[in-house]
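Data first, discussion second: the structure below is written as C-alpha cells.
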Amino acid sequence: MRKARLFTAVSLDGCLLDEMDWLPDTRGQSFLFDTHVWEKLEPGLDANGQITVLSPRPVRHSTGVQFDTRDAAECLRALKDQEGKTIWICAGPKTIHKLMKADLIDEYELVVVPEIRGSQVRLFKTGIPSMPLTLKRVSESDGLVCLNYERLR
C-alpha cells in the first residue's frame with residue numbers, strides 16, 4: 001500500500017498559508033490536489049507524474065491530469081491501493097481535515113514560515129483524533145524550517 005504525505009506551509013502559530021506557490025520537484029511524483037490549490041499551482045507544475053485533482057464536477061484535461069469527483073477520503077483510499085510512489089497531498093483546510101479525520105495521512109511534511117498569522121485558518125482543527133507521530137527529518141533554508149513527521153500506527 002502506498003503512503004500519503006501531506007505537504008503544506010504553516011505559520012509559526014499553525015495557520016495555513018494560502019499563498020503557497022511552490023512545491024518540491026514534481027517530476028515523476030504522484031499528487032492529490034483539491035481544486036482550490038490546483039488552480040493556484042497548475043501553471044508551475046510539470047505534469048510528468050500522476051496528478052489527481054478532487055473536483056466537484058467532471059473535467060477533461062489534455063495533459064493526463066485525472067479529475068476525481070469522489071469524496072476526498074474515498075479517492076485517497078483508492079489511490080493508496082494502486083501501485084506507485086508516495087502520494088503528495090496538497091490541499092486546503094477542508095480536504096486536509098477530512099483526510100486527517102479518516103486517518104489516511106501517513107506523513108506530515110510541514111514548512112514553517114517565520115510569521116505569526118493570528119486568527120487565520122489553522123491546520124489542526126478540533127475534532128481530529130489524537131495521532132502519535134515521530135520526527136523523521138528537520139531541515140532549514142532561508143529561515144524556513146521543514147519538519148517531516150511519520151504517523152505511528
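Residues in the C-alpha cells are named by chain (A, B, ... in the order shown) and by number from 1 within that chain; ligands are numbered from 1 in the order shown.
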Counting only C-alpha atoms, what is within 7 Å of Phe33 of chain A, bar same-chain residues fewer than 4 positions away, as an NGL selection string? :A and (37-38 or 52-54 or 89-91)
Atom-to-atom span, atom CA of Leu16 of chain A and atom CA of Tyr108 of chain A, Å: 13.5 Å
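In this model, the gap between atom CA of Ser11 of chain A and atom CA of Cys75 of chain A comes to 28.4 Å.
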A:Ala4, A:Ala73, A:Gln29, A:Pro132: which is nearest Leu99 of chain A, counting only C-alpha atoms?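 Between A:Ala4, A:Ala73, A:Gln29, A:Pro132, the residue approaching Leu99 of chain A most closely is A:Ala73.
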Env of Glu150 of chain A: 6 Å cut, atoms = only C-alpha atoms, seq-sep filter 3 positions within chain, self excluded. Answer as a PyMOL selection string. chain A and resi 106-107+133-134
Print the selection's residues with C-alpha atoms to a file, as a CSV table (one decimal), in the first residue's frame.
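Writing done, so here's out27.csv:
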```csv
chain,number,residue,atom,x,y,z
A,106,ASP,CA,0.9,8.7,6.8
A,107,GLU,CA,3.5,11.5,6.8
A,133,LEU,CA,3.8,11.0,15.3
A,134,THR,CA,7.6,10.6,15.2
```
May I have the residues within 10 Å of Gln120 of chain A as a compact mmCIF listing (two decimals) with C-alpha atoms, in the first residue's frame, using only C-alpha atoms and disregarding those fewer than 2 positions away in the same chain?
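out-v3.txt, written as the output of this step:
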```txt
# COMPACT_ATOMS: atom_id res chain seq x y z
CA SER A 11 2.97 29.99 10.05
CA ASP A 13 1.34 29.70 15.14
CA GLY A 14 -0.06 26.87 12.95
CA CYS A 15 -2.08 28.84 10.40
CA LEU A 16 -2.22 27.52 6.84
CA LEU A 17 -0.56 29.75 4.27
CA ASP A 18 -2.96 30.34 1.42
CA ILE A 116 2.55 34.81 13.14
CA ARG A 117 -0.83 34.96 11.42
CA GLY A 118 -3.14 35.19 14.44
CA ARG A 122 -5.46 26.69 11.36
CA LEU A 123 -4.05 23.41 10.05
```
Which is closer to Pro93 of chain A than all the others in A:Thr63, A:Ser30, A:Ser141, A:Thr8, using only C-alpha atoms? A:Thr8
Between atom CA of Val113 of chain A and atom CA of Ser139 of chain A, what is the distance in Å, rounded to a tenth?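 Atom CA of Val113 of chain A sits 12.6 Å away from atom CA of Ser139 of chain A.
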Might you pull out every residue within 10 Å of Leu147 of chain A, with only C-alpha atoms counted and same-chain residues fewer than 3 positions away left off, and present them as an NGL selection string? :A and (108-112 or 135-140 or 144)
Enumerate, as a PyMOL selection string, the complete set of residues in chain A that a backbone-based DSSP assignment places in strand (DSSP E). chain A and resi 4-11+30-34+50-54+66-68+87-90+107-113+133-141+144-151
Show me, as a PyMOL selection string, the residues that have an atom within 9 Å of Val59 of chain A when counting only C-alpha atoms, minus same-chain residues fewer than 6 positions from it. chain A and resi 66-68
Got a sec: who's within 12 Å of Ile105 of chain A, counting only C-alpha atoms, leaving out chain neighbours fewer than 3 positions off, as a JSON list (two decimals) with N, CA and C atoms, in the first residue's frame?
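Resulting contents of around.json:
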```json
[["chain", "number", "residue", "atom", "x", "y", "z"],
["A", 2, "ARG", "N", 0.51, 2.19, -0.85],
["A", 2, "ARG", "CA", 1.26, 3.45, -0.94],
["A", 2, "ARG", "C", 1.02, 4.31, 0.29],
["A", 3, "LYS", "N", 2.00, 5.16, 0.57],
["A", 3, "LYS", "CA", 1.87, 6.12, 1.66],
["A", 3, "LYS", "C", 1.35, 7.44, 1.10],
["A", 4, "ALA", "N", 0.71, 8.21, 1.99],
["A", 4, "ALA", "CA", 0.23, 9.54, 1.63],
["A", 4, "ALA", "C", 0.93, 10.55, 2.52],
["A", 5, "ARG", "N", 1.50, 11.59, 1.89],
["A", 5, "ARG", "CA", 2.26, 12.62, 2.61],
["A", 5, "ARG", "C", 1.60, 13.98, 2.39],
["A", 6, "LEU", "N", 1.17, 14.60, 3.50],
["A", 6, "LEU", "CA", 0.65, 15.96, 3.42],
["A", 6, "LEU", "C", 1.84, 16.90, 3.30],
["A", 7, "PHE", "N", 1.78, 17.78, 2.32],
["A", 7, "PHE", "CA", 2.80, 18.81, 2.14],
["A", 7, "PHE", "C", 2.12, 20.16, 2.17],
["A", 32, "LEU", "N", -2.11, 14.50, -5.04],
["A", 32, "LEU", "CA", -3.55, 14.67, -4.87],
["A", 32, "LEU", "C", -3.76, 16.13, -4.48],
["A", 72, "ALA", "N", -12.97, 13.10, -0.79],
["A", 72, "ALA", "CA", -11.50, 13.10, -0.64],
["A", 72, "ALA", "C", -10.98, 11.81, -0.03],
["A", 73, "ALA", "N", -11.63, 11.33, 1.03],
["A", 73, "ALA", "CA", -11.16, 10.11, 1.70],
["A", 73, "ALA", "C", -11.31, 8.89, 0.78],
["A", 76, "LEU", "N", -8.56, 9.08, -1.92],
["A", 76, "LEU", "CA", -7.22, 8.76, -1.42],
["A", 76, "LEU", "C", -7.09, 7.27, -1.09],
["A", 77, "ARG", "N", -8.12, 6.67, -0.53],
["A", 77, "ARG", "CA", -8.07, 5.22, -0.27],
["A", 77, "ARG", "C", -7.81, 4.45, -1.57],
["A", 80, "LYS", "N", -4.18, 4.97, -2.71],
["A", 80, "LYS", "CA", -3.24, 4.24, -1.87],
["A", 80, "LYS", "C", -3.20, 2.76, -2.22],
["A", 86, "THR", "N", 4.92, 7.37, -3.20],
["A", 86, "THR", "CA", 4.18, 8.11, -2.18],
["A", 86, "THR", "C", 3.31, 9.17, -2.85],
["A", 87, "ILE", "N", 2.11, 9.37, -2.32],
["A", 87, "ILE", "CA", 1.17, 10.36, -2.84],
["A", 87, "ILE", "C", 1.34, 11.64, -2.03],
["A", 88, "TRP", "N", 1.70, 12.72, -2.69],
["A", 88, "TRP", "CA", 1.84, 14.02, -2.05],
["A", 88, "TRP", "C", 0.48, 14.69, -2.04],
["A", 89, "ILE", "N", 0.01, 15.10, -0.87],
["A", 89, "ILE", "CA", -1.28, 15.78, -0.74],
["A", 89, "ILE", "C", -1.03, 17.27, -0.60],
["A", 90, "CYS", "N", -1.60, 18.04, -1.50],
["A", 90, "CYS", "CA", -1.52, 19.50, -1.45],
["A", 90, "CYS", "C", -2.96, 20.00, -1.54],
["A", 95, "THR", "N", -10.24, 19.81, 2.94],
["A", 95, "THR", "CA", -9.78, 18.50, 2.47],
["A", 95, "THR", "C", -8.81, 17.88, 3.47],
["A", 96, "ILE", "N", -7.89, 18.68, 3.97],
["A", 96, "ILE", "CA", -6.92, 18.17, 4.96],
["A", 96, "ILE", "C", -7.67, 17.64, 6.18],
["A", 97, "HIS", "N", -8.65, 18.38, 6.66],
["A", 97, "HIS", "CA", -9.42, 17.97, 7.84],
["A", 97, "HIS", "C", -10.12, 16.63, 7.59],
["A", 98, "LYS", "N", -10.74, 16.46, 6.41],
["A", 98, "LYS", "CA", -11.41, 15.20, 6.08],
["A", 98, "LYS", "C", -10.43, 14.03, 6.08],
["A", 99, "LEU", "N", -9.26, 14.24, 5.48],
["A", 99, "LEU", "CA", -8.27, 13.17, 5.38],
["A", 99, "LEU", "C", -7.67, 12.83, 6.74],
["A", 100, "MET", "N", -7.47, 13.86, 7.57],
["A", 100, "MET", "CA", -6.96, 13.61, 8.92],
["A", 100, "MET", "C", -8.00, 12.88, 9.76],
["A", 101, "LYS", "N", -9.25, 13.28, 9.64],
["A", 101, "LYS", "CA", -10.32, 12.65, 10.40],
["A", 101, "LYS", "C", -10.46, 11.17, 10.02],
["A", 102, "ALA", "N", -10.22, 10.85, 8.75],
["A", 102, "ALA", "CA", -10.27, 9.47, 8.27],
["A", 102, "ALA", "C", -8.95, 8.74, 8.54],
["A", 108, "TYR", "N", 3.57, 13.81, 7.50],
["A", 108, "TYR", "CA", 3.25, 15.24, 7.52],
["A", 108, "TYR", "C", 4.54, 16.00, 7.25],
["A", 109, "GLU", "N", 4.60, 16.67, 6.12],
["A", 109, "GLU", "CA", 5.76, 17.49, 5.80],
["A", 109, "GLU", "C", 5.30, 18.94, 5.85],
["A", 131, "MET", "N", -3.19, 11.58, 17.32],
["A", 131, "MET", "CA", -2.37, 10.80, 16.41],
["A", 131, "MET", "C", -0.91, 10.88, 16.83],
["A", 133, "LEU", "N", 2.94, 10.78, 16.44],
["A", 133, "LEU", "CA", 3.85, 10.98, 15.31],
["A", 133, "LEU", "C", 5.28, 10.83, 15.80],
["A", 149, "TYR", "N", 7.20, 14.47, 9.75],
["A", 149, "TYR", "CA", 6.74, 13.54, 10.77],
["A", 149, "TYR", "C", 6.09, 12.34, 10.13],
["A", 150, "GLU", "N", 6.23, 11.18, 10.78],
["A", 150, "GLU", "CA", 5.57, 9.97, 10.31],
["A", 150, "GLU", "C", 4.53, 9.55, 11.33],
["A", 151, "ARG", "N", 3.38, 9.14, 10.85],
["A", 151, "ARG", "CA", 2.29, 8.67, 11.70],
["A", 151, "ARG", "C", 2.66, 7.31, 12.26],
["A", 152, "LEU", "N", 2.60, 7.16, 13.57],
["A", 152, "LEU", "CA", 2.85, 5.87, 14.21],
["A", 152, "LEU", "C", 1.55, 5.08, 14.23],
["A", 153, "ARG", "N", 1.60, 3.86, 13.78],
["A", 153, "ARG", "CA", 0.39, 3.01, 13.73],
["A", 153, "ARG", "C", 0.61, 1.77, 14.54]]
```
Give the helix (DSSP H, G or I) residues of segment 44-145 of chain A, as assigned by DSSP on the backbone, as a PyMOL selection string. chain A and resi 44+72-81+93-101
